[in-house]
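Coordinates as given in input-v4.tsv (TSV, N, CA and C atoms):
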```tsv
chain	number	residue	atom	x	y	z
A	694	MET	N	102.54	97.65	116.23
A	694	MET	CA	102.29	98.42	115.03
A	694	MET	C	100.83	98.23	114.60
A	695	LYS	N	100.16	99.31	114.36
A	695	LYS	CA	98.74	99.25	113.99
A	695	LYS	C	98.60	99.06	112.49
A	696	PHE	N	97.70	98.16	112.10
A	696	PHE	CA	97.46	97.90	110.69
A	696	PHE	C	96.57	98.98	110.12
A	697	ASN	N	96.96	99.54	108.98
A	697	ASN	CA	96.21	100.64	108.38
A	697	ASN	C	95.25	100.08	107.33
A	698	TYR	N	93.98	100.01	107.69
A	698	TYR	CA	92.96	99.47	106.80
A	698	TYR	C	92.63	100.42	105.66
A	699	LYS	N	92.76	101.71	105.89
A	699	LYS	CA	92.46	102.68	104.84
A	699	LYS	C	93.42	102.52	103.66
A	700	LYS	N	94.69	102.30	103.96
A	700	LYS	CA	95.67	102.10	102.88
A	700	LYS	C	95.37	100.83	102.10
A	701	LEU	N	94.93	99.78	102.80
A	701	LEU	CA	94.59	98.54	102.12
A	701	LEU	C	93.40	98.72	101.20
A	702	ILE	N	92.39	99.45	101.65
A	702	ILE	CA	91.21	99.69	100.82
A	702	ILE	C	91.58	100.52	99.60
A	703	VAL	N	92.42	101.55	99.78
A	703	VAL	CA	92.86	102.37	98.65
A	703	VAL	C	93.67	101.52	97.68
A	704	PHE	N	94.52	100.63	98.20
A	704	PHE	CA	95.31	99.76	97.34
A	704	PHE	C	94.42	98.84	96.52
A	705	ILE	N	93.40	98.28	97.14
A	705	ILE	CA	92.49	97.37	96.43
A	705	ILE	C	91.73	98.12	95.34
A	706	VAL	N	91.28	99.34	95.64
A	706	VAL	CA	90.56	100.13	94.64
A	706	VAL	C	91.48	100.48	93.48
A	707	LEU	N	92.73	100.88	93.78
A	707	LEU	CA	93.67	101.20	92.71
A	707	LEU	C	94.01	99.96	91.90
A	708	LEU	N	94.17	98.83	92.56
A	708	LEU	CA	94.42	97.59	91.84
A	708	LEU	C	93.26	97.25	90.92
A	709	CYS	N	92.06	97.50	91.41
A	709	CYS	CA	90.85	97.27	90.61
A	709	CYS	C	90.86	98.16	89.37
A	710	CYS	N	91.29	99.40	89.52
A	710	CYS	CA	91.27	100.34	88.39
A	710	CYS	C	92.36	100.02	87.37
A	711	PHE	N	93.52	99.57	87.84
A	711	PHE	CA	94.64	99.38	86.93
A	711	PHE	C	94.69	98.01	86.27
A	712	THR	N	93.87	97.07	86.69
A	712	THR	CA	93.88	95.75	86.06
A	712	THR	C	92.90	95.64	84.90
A	713	VAL	N	92.17	96.70	84.63
A	713	VAL	CA	91.22	96.70	83.54
A	713	VAL	C	91.96	97.01	82.24
A	714	VAL	N	91.64	96.28	81.19
A	714	VAL	CA	92.30	96.46	79.90
A	714	VAL	C	91.29	97.08	78.93
A	715	HIS	N	91.69	98.14	78.30
A	715	HIS	CA	90.83	98.79	77.31
A	715	HIS	C	91.43	98.53	75.94
A	716	ALA	N	90.78	97.72	75.14
A	716	ALA	CA	91.34	97.28	73.87
A	716	ALA	C	91.29	98.34	72.78
A	717	ASP	N	90.45	99.37	72.91
A	717	ASP	CA	90.32	100.36	71.85
A	717	ASP	C	91.47	101.37	71.83
A	718	ASN	N	92.12	101.60	72.93
A	718	ASN	CA	93.16	102.62	73.00
A	718	ASN	C	94.57	102.06	72.92
A	719	LEU	N	94.73	100.87	72.38
A	719	LEU	CA	96.06	100.28	72.29
A	719	LEU	C	96.81	100.79	71.07
A	720	ILE	N	98.10	100.93	71.21
A	720	ILE	CA	98.95	101.32	70.09
A	720	ILE	C	99.34	100.04	69.36
A	721	ALA	N	99.39	100.11	68.06
A	721	ALA	CA	99.73	98.92	67.27
A	721	ALA	C	101.13	98.45	67.62
A	722	ASP	N	101.25	97.19	67.92
A	722	ASP	CA	102.53	96.59	68.28
A	722	ASP	C	102.74	95.40	67.35
A	723	PRO	N	103.88	95.34	66.67
A	723	PRO	CA	104.10	94.24	65.73
A	723	PRO	C	104.19	92.88	66.40
A	724	THR	N	104.42	92.83	67.70
A	724	THR	CA	104.52	91.52	68.37
A	724	THR	C	103.15	90.95	68.69
A	725	LEU	N	102.10	91.78	68.63
A	725	LEU	CA	100.76	91.31	68.89
A	725	LEU	C	100.19	90.63	67.66
A	726	PRO	N	99.22	89.78	67.81
A	726	PRO	CA	98.60	89.14	66.64
A	726	PRO	C	97.98	90.18	65.72
A	727	SER	N	98.01	89.88	64.43
A	727	SER	CA	97.46	90.84	63.47
A	727	SER	C	95.94	90.80	63.49
A	728	GLY	N	95.36	91.84	62.94
A	728	GLY	CA	93.90	91.93	62.89
A	728	GLY	C	93.39	92.85	63.98
A	729	ASN	N	92.08	92.96	64.05
A	729	ASN	CA	91.47	93.81	65.07
A	729	ASN	C	91.51	93.12	66.43
A	730	LEU	N	91.98	93.85	67.42
A	730	LEU	CA	91.97	93.35	68.78
A	730	LEU	C	90.67	93.79	69.42
A	731	THR	N	89.76	92.85	69.55
A	731	THR	CA	88.44	93.22	70.05
A	731	THR	C	88.27	92.94	71.53
A	732	GLY	N	89.14	92.19	72.13
A	732	GLY	CA	88.96	91.86	73.54
A	732	GLY	C	90.29	91.70	74.23
A	733	CYS	N	90.21	91.55	75.53
A	733	CYS	CA	91.45	91.44	76.28
A	733	CYS	C	92.08	90.06	76.15
A	734	SER	N	91.33	89.06	75.69
A	734	SER	CA	91.93	87.74	75.52
A	734	SER	C	92.97	87.74	74.41
A	735	GLU	N	92.78	88.58	73.40
A	735	GLU	CA	93.79	88.70	72.35
A	735	GLU	C	95.01	89.45	72.84
A	736	ILE	N	94.84	90.32	73.79
A	736	ILE	CA	95.94	91.14	74.29
A	736	ILE	C	96.74	90.37	75.34
A	737	LEU	N	96.04	89.81	76.32
A	737	LEU	CA	96.72	89.14	77.42
A	737	LEU	C	97.12	87.72	77.08
A	738	GLY	N	96.37	87.08	76.23
A	738	GLY	CA	96.63	85.69	75.91
A	738	GLY	C	95.93	84.78	76.90
A	739	ALA	N	95.82	83.52	76.54
A	739	ALA	CA	95.08	82.56	77.36
A	739	ALA	C	95.81	82.27	78.67
A	740	ASN	N	97.14	82.19	78.63
A	740	ASN	CA	97.89	81.84	79.84
A	740	ASN	C	97.80	82.92	80.90
A	741	LEU	N	98.01	84.17	80.53
A	741	LEU	CA	97.98	85.25	81.51
A	741	LEU	C	96.58	85.46	82.06
A	742	SER	N	95.56	85.32	81.22
A	742	SER	CA	94.20	85.47	81.75
A	742	SER	C	93.86	84.33	82.71
A	743	ALA	N	94.35	83.13	82.44
A	743	ALA	CA	94.12	82.02	83.37
A	743	ALA	C	94.85	82.25	84.69
A	744	ILE	N	96.07	82.78	84.61
A	744	ILE	CA	96.83	83.09	85.82
A	744	ILE	C	96.13	84.15	86.66
A	745	ILE	N	95.59	85.17	86.01
A	745	ILE	CA	94.89	86.24	86.73
A	745	ILE	C	93.62	85.69	87.40
A	746	LYS	N	92.89	84.83	86.69
A	746	LYS	CA	91.68	84.23	87.28
A	746	LYS	C	92.02	83.41	88.51
A	747	VAL	N	93.06	82.59	88.41
A	747	VAL	CA	93.47	81.75	89.54
A	747	VAL	C	93.97	82.62	90.69
A	748	ALA	N	94.73	83.66	90.37
A	748	ALA	CA	95.26	84.54	91.42
A	748	ALA	C	94.13	85.23	92.20
A	749	ILE	N	93.12	85.70	91.50
A	749	ILE	CA	91.99	86.35	92.18
A	749	ILE	C	91.27	85.34	93.07
A	750	THR	N	91.07	84.13	92.58
A	750	THR	CA	90.41	83.09	93.37
A	750	THR	C	91.23	82.73	94.61
A	751	VAL	N	92.53	82.56	94.43
A	751	VAL	CA	93.40	82.22	95.56
A	751	VAL	C	93.40	83.34	96.60
A	752	ILE	N	93.47	84.58	96.15
A	752	ILE	CA	93.45	85.71	97.08
A	752	ILE	C	92.15	85.73	97.87
A	753	GLN	N	91.04	85.45	97.23
A	753	GLN	CA	89.76	85.44	97.94
A	753	GLN	C	89.70	84.31	98.97
A	754	ILE	N	90.19	83.14	98.63
A	754	ILE	CA	90.16	82.01	99.56
A	754	ILE	C	91.11	82.25	100.73
A	755	VAL	N	92.32	82.70	100.44
A	755	VAL	CA	93.30	82.97	101.49
A	755	VAL	C	92.82	84.09	102.41
A	756	ALA	N	92.20	85.12	101.84
A	756	ALA	CA	91.69	86.22	102.66
A	756	ALA	C	90.60	85.73	103.61
A	757	ALA	N	89.75	84.83	103.15
A	757	ALA	CA	88.70	84.29	104.03
A	757	ALA	C	89.31	83.47	105.16
A	758	ILE	N	90.30	82.66	104.85
A	758	ILE	CA	90.94	81.84	105.88
A	758	ILE	C	91.66	82.73	106.89
A	759	ILE	N	92.39	83.74	106.40
A	759	ILE	CA	93.10	84.66	107.30
A	759	ILE	C	92.11	85.41	108.17
A	760	ALA	N	90.99	85.84	107.60
A	760	ALA	CA	89.99	86.58	108.39
A	760	ALA	C	89.40	85.71	109.49
A	761	ILE	N	89.13	84.44	109.20
A	761	ILE	CA	88.57	83.55	110.20
A	761	ILE	C	89.57	83.31	111.33
A	762	VAL	N	90.82	83.00	110.97
A	762	VAL	CA	91.84	82.74	111.98
A	762	VAL	C	92.13	84.00	112.80
A	763	LYS	N	92.30	85.11	112.13
A	763	LYS	CA	92.57	86.37	112.82
A	763	LYS	C	91.39	86.76	113.72
A	764	GLY	N	90.18	86.53	113.26
A	764	GLY	CA	89.00	86.82	114.06
A	764	GLY	C	88.97	85.99	115.33
A	765	MET	N	89.34	84.72	115.21
A	765	MET	CA	89.39	83.88	116.42
A	765	MET	C	90.48	84.35	117.36
A	766	MET	N	91.63	84.73	116.80
A	766	MET	CA	92.73	85.20	117.64
A	766	MET	C	92.40	86.51	118.35
A	767	VAL	N	91.60	87.34	117.71
A	767	VAL	CA	91.23	88.62	118.30
A	767	VAL	C	90.11	88.46	119.31
A	768	LEU	N	89.19	87.57	119.06
A	768	LEU	CA	87.98	87.47	119.87
A	768	LEU	C	88.10	86.55	121.09
A	769	ILE	N	88.89	85.49	121.00
A	769	ILE	CA	88.96	84.52	122.09
A	769	ILE	C	89.54	85.09	123.39
A	770	PRO	N	90.67	85.83	123.37
A	770	PRO	CA	91.20	86.34	124.65
A	770	PRO	C	90.25	87.24	125.43
A	771	PRO	N	89.55	88.20	124.80
A	771	PRO	CA	88.62	89.00	125.59
A	771	PRO	C	87.43	88.20	126.14
A	772	VAL	N	87.00	87.19	125.39
A	772	VAL	CA	85.89	86.37	125.87
A	772	VAL	C	86.31	85.55	127.09
A	773	LEU	N	87.51	84.98	127.03
A	773	LEU	CA	87.99	84.18	128.16
A	773	LEU	C	88.30	85.05	129.37
A	774	ALA	N	88.79	86.28	129.13
A	774	ALA	CA	89.11	87.18	130.23
A	774	ALA	C	87.88	87.89	130.78
A	775	LYS	N	86.79	87.82	130.06
A	775	LYS	CA	85.53	88.49	130.44
A	775	LYS	C	85.74	89.99	130.65
A	776	ASP	N	86.50	90.57	129.72
A	776	ASP	CA	86.79	92.00	129.76
A	776	ASP	C	85.90	92.70	128.74
A	777	ALA	N	85.03	93.57	129.21
A	777	ALA	CA	84.05	94.23	128.33
A	777	ALA	C	84.72	95.21	127.37
A	778	ASP	N	85.71	95.97	127.85
A	778	ASP	CA	86.38	96.94	126.98
A	778	ASP	C	87.17	96.25	125.88
A	779	ALA	N	87.89	95.20	126.24
A	779	ALA	CA	88.65	94.45	125.24
A	779	ALA	C	87.72	93.77	124.24
A	780	LEU	N	86.56	93.32	124.72
A	780	LEU	CA	85.59	92.69	123.83
A	780	LEU	C	85.01	93.71	122.85
A	781	LYS	N	84.81	94.93	123.31
A	781	LYS	CA	84.31	95.99	122.44
A	781	LYS	C	85.34	96.33	121.36
A	782	LYS	N	86.62	96.41	121.75
A	782	LYS	CA	87.70	96.68	120.78
A	782	LYS	C	87.81	95.54	119.77
A	783	ALA	N	87.69	94.31	120.27
A	783	ALA	CA	87.77	93.15	119.37
A	783	ALA	C	86.60	93.15	118.39
A	784	GLY	N	85.43	93.56	118.86
A	784	GLY	CA	84.27	93.65	117.96
A	784	GLY	C	84.47	94.66	116.86
A	785	SER	N	85.04	95.82	117.20
A	785	SER	CA	85.28	96.83	116.16
A	785	SER	C	86.34	96.36	115.18
A	786	THR	N	87.34	95.62	115.67
A	786	THR	CA	88.35	95.05	114.78
A	786	THR	C	87.73	94.03	113.84
A	787	LEU	N	86.83	93.22	114.35
A	787	LEU	CA	86.15	92.22	113.52
A	787	LEU	C	85.27	92.87	112.45
A	788	VAL	N	84.64	93.97	112.80
A	788	VAL	CA	83.80	94.68	111.81
A	788	VAL	C	84.69	95.22	110.69
A	789	LYS	N	85.84	95.78	111.03
A	789	LYS	CA	86.76	96.28	110.00
A	789	LYS	C	87.24	95.16	109.10
A	790	MET	N	87.59	94.02	109.70
A	790	MET	CA	88.03	92.88	108.90
A	790	MET	C	86.91	92.37	108.01
A	791	ALA	N	85.69	92.39	108.50
A	791	ALA	CA	84.55	91.93	107.69
A	791	ALA	C	84.32	92.85	106.50
A	792	ILE	N	84.47	94.16	106.71
A	792	ILE	CA	84.30	95.11	105.61
A	792	ILE	C	85.36	94.88	104.55
A	793	ILE	N	86.60	94.68	104.96
A	793	ILE	CA	87.67	94.43	103.99
A	793	ILE	C	87.43	93.11	103.26
A	794	LEU	N	86.95	92.11	103.97
A	794	LEU	CA	86.66	90.82	103.34
A	794	LEU	C	85.54	90.94	102.32
A	795	VAL	N	84.53	91.73	102.62
A	795	VAL	CA	83.44	91.95	101.66
A	795	VAL	C	83.98	92.65	100.41
A	796	ILE	N	84.86	93.62	100.60
A	796	ILE	CA	85.45	94.32	99.44
A	796	ILE	C	86.26	93.34	98.59
A	797	ILE	N	87.01	92.46	99.25
A	797	ILE	CA	87.80	91.48	98.50
A	797	ILE	C	86.89	90.53	97.72
A	798	PHE	N	85.79	90.11	98.33
A	798	PHE	CA	84.88	89.19	97.63
A	798	PHE	C	84.06	89.90	96.55
A	799	LEU	N	83.89	91.20	96.67
A	799	LEU	CA	83.17	91.95	95.63
A	799	LEU	C	84.11	92.50	94.57
A	800	PHE	N	85.37	92.07	94.58
A	800	PHE	CA	86.35	92.56	93.62
A	800	PHE	C	85.93	92.27	92.19
A	801	ARG	N	85.53	91.04	91.91
A	801	ARG	CA	85.14	90.68	90.54
A	801	ARG	C	83.91	91.45	90.07
A	802	PRO	N	82.84	91.50	90.84
A	802	PRO	CA	81.69	92.30	90.38
A	802	PRO	C	82.00	93.78	90.24
A	803	LEU	N	82.82	94.32	91.15
A	803	LEU	CA	83.21	95.73	91.02
A	803	LEU	C	84.03	95.96	89.77
A	804	LEU	N	84.95	95.05	89.49
A	804	LEU	CA	85.77	95.17	88.29
A	804	LEU	C	84.91	95.04	87.03
A	805	ALA	N	83.96	94.13	87.04
A	805	ALA	CA	83.05	93.99	85.90
A	805	ALA	C	82.18	95.23	85.74
A	806	PHE	N	81.71	95.78	86.85
A	806	PHE	CA	80.90	96.99	86.80
A	806	PHE	C	81.71	98.17	86.23
A	807	LEU	N	82.93	98.34	86.72
A	807	LEU	CA	83.78	99.41	86.19
A	807	LEU	C	84.09	99.19	84.71
A	808	GLY	N	84.31	97.94	84.33
A	808	GLY	CA	84.56	97.65	82.92
A	808	GLY	C	83.37	97.98	82.04
A	809	ASP	N	82.19	97.64	82.50
A	809	ASP	CA	80.98	97.97	81.73
A	809	ASP	C	80.73	99.47	81.70
A	810	LEU	N	80.97	100.11	82.83
A	810	LEU	CA	80.74	101.55	82.94
A	810	LEU	C	81.67	102.33	82.02
A	811	LEU	N	82.93	101.91	81.97
A	811	LEU	CA	83.93	102.62	81.17
A	811	LEU	C	84.18	101.97	79.82
A	812	ASP	N	83.35	101.00	79.45
A	812	ASP	CA	83.43	100.30	78.17
A	812	ASP	C	84.78	99.59	78.01
A	813	PHE	N	85.23	98.91	79.06
A	813	PHE	CA	86.44	98.11	79.03
A	813	PHE	C	86.05	96.65	78.90
A	814	ASP	N	86.94	95.88	78.31
A	814	ASP	CA	86.71	94.44	78.18
A	814	ASP	C	87.43	93.72	79.31
A	815	THR	N	86.67	93.15	80.23
A	815	THR	CA	87.25	92.39	81.34
A	815	THR	C	86.84	90.93	81.30
A	816	SER	N	86.30	90.49	80.20
A	816	SER	CA	85.74	89.13	80.11
A	816	SER	C	86.80	88.04	80.22
A	817	CYS	N	88.03	88.32	79.85
A	817	CYS	CA	89.03	87.25	79.87
A	817	CYS	C	89.68	87.07	81.23
A	818	ILE	N	89.51	88.01	82.14
A	818	ILE	CA	90.12	87.85	83.45
A	818	ILE	C	89.09	87.65	84.55
A	819	LEU	N	87.81	87.72	84.20
A	819	LEU	CA	86.76	87.53	85.17
A	819	LEU	C	85.89	86.35	84.77
A	820	PHE	N	85.29	85.68	85.74
A	820	PHE	CA	84.34	84.61	85.45
A	820	PHE	C	82.96	85.15	85.18
A	821	ILE	N	82.76	86.43	85.44
A	821	ILE	CA	81.47	87.07	85.25
A	821	ILE	C	81.34	87.45	83.78
A	822	LYS	N	80.18	87.35	83.23
A	822	LYS	CA	79.79	87.77	81.88
A	822	LYS	C	79.09	86.66	81.17
```
The structure given in the file should be rewritten as structure tokens.
Amino acid sequence: MKFNYKKLIVFIVLLCCFTVVHADNLIADPTLPSGNLTGCSEILGANLSAIIKVAITVIQIVAAIIAIVKGMMVLIPPVLAKDADALKKAGSTLVKMAIILVIIFLFRPLLAFLGDLLDFDTSCILFIK
């Protein structure tokens, strides 16, 4: 079964778009703290924002480890077999994995950029700001 990288990239972009919180368009909810909600820390709370920060960090670390291991698994057999065609295919697979890894590592800056561009508050779920 072939892995579909395009679907993964679309999923990451959609995840990036839907995790942004816009505090100005919220409907008043009696369960939320009273007063003006000026940021996402008042909406999400300290625990959920900490969980989101840790989850993003863990995903980035695990993705790097998976990319390194998968890269070795893809590249070693063609090198040992001295097969030029298989080595070329492995190289293209490694380039695709590297592009996806760069997108995963640029998730926080992209999310911060989208938040600034669309006037969203992302300060409580990102280390950037």
For atom CA of Pro771 of chain A and atom CA of Phe798 of chain A, determine how far apart the two atoms are, in Å to one decimal place.
->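 One can read the atom CA of Pro771 of chain A to atom CA of Phe798 of chain A distance as 28.2 Å.
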Coordinates-based distance that separates atom CA of Ile758 of chain A from atom CA of Met790 of chain A (Å, one decimal) =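 About the pair atom CA of Met790 of chain A and atom CA of Ile758 of chain A: they are 11.8 Å apart.
For Val747 of chain A, the non-local neighbours within 10 Å, defined as residues at least 5 positions apart in the same chain or in other chains and counting only C-alpha atoms, are Leu741, Ser742, Ile752, Gln753, Ile818 and Leu819 of chain A.
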Taking the backbone alone, and naming residues the way the document does, which bits of segment 727-817 of chain A are alpha helix (DSSP H) by DSSP, as a PyMOL selection string?
-> chain A and resi 733-774+777-798+800-810
Which distance in Å separates atom CA of Leu811 of chain A and atom CA of Ile749 of chain A, to one decimal?
->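 Interatomic distance here is 21.2 Å.
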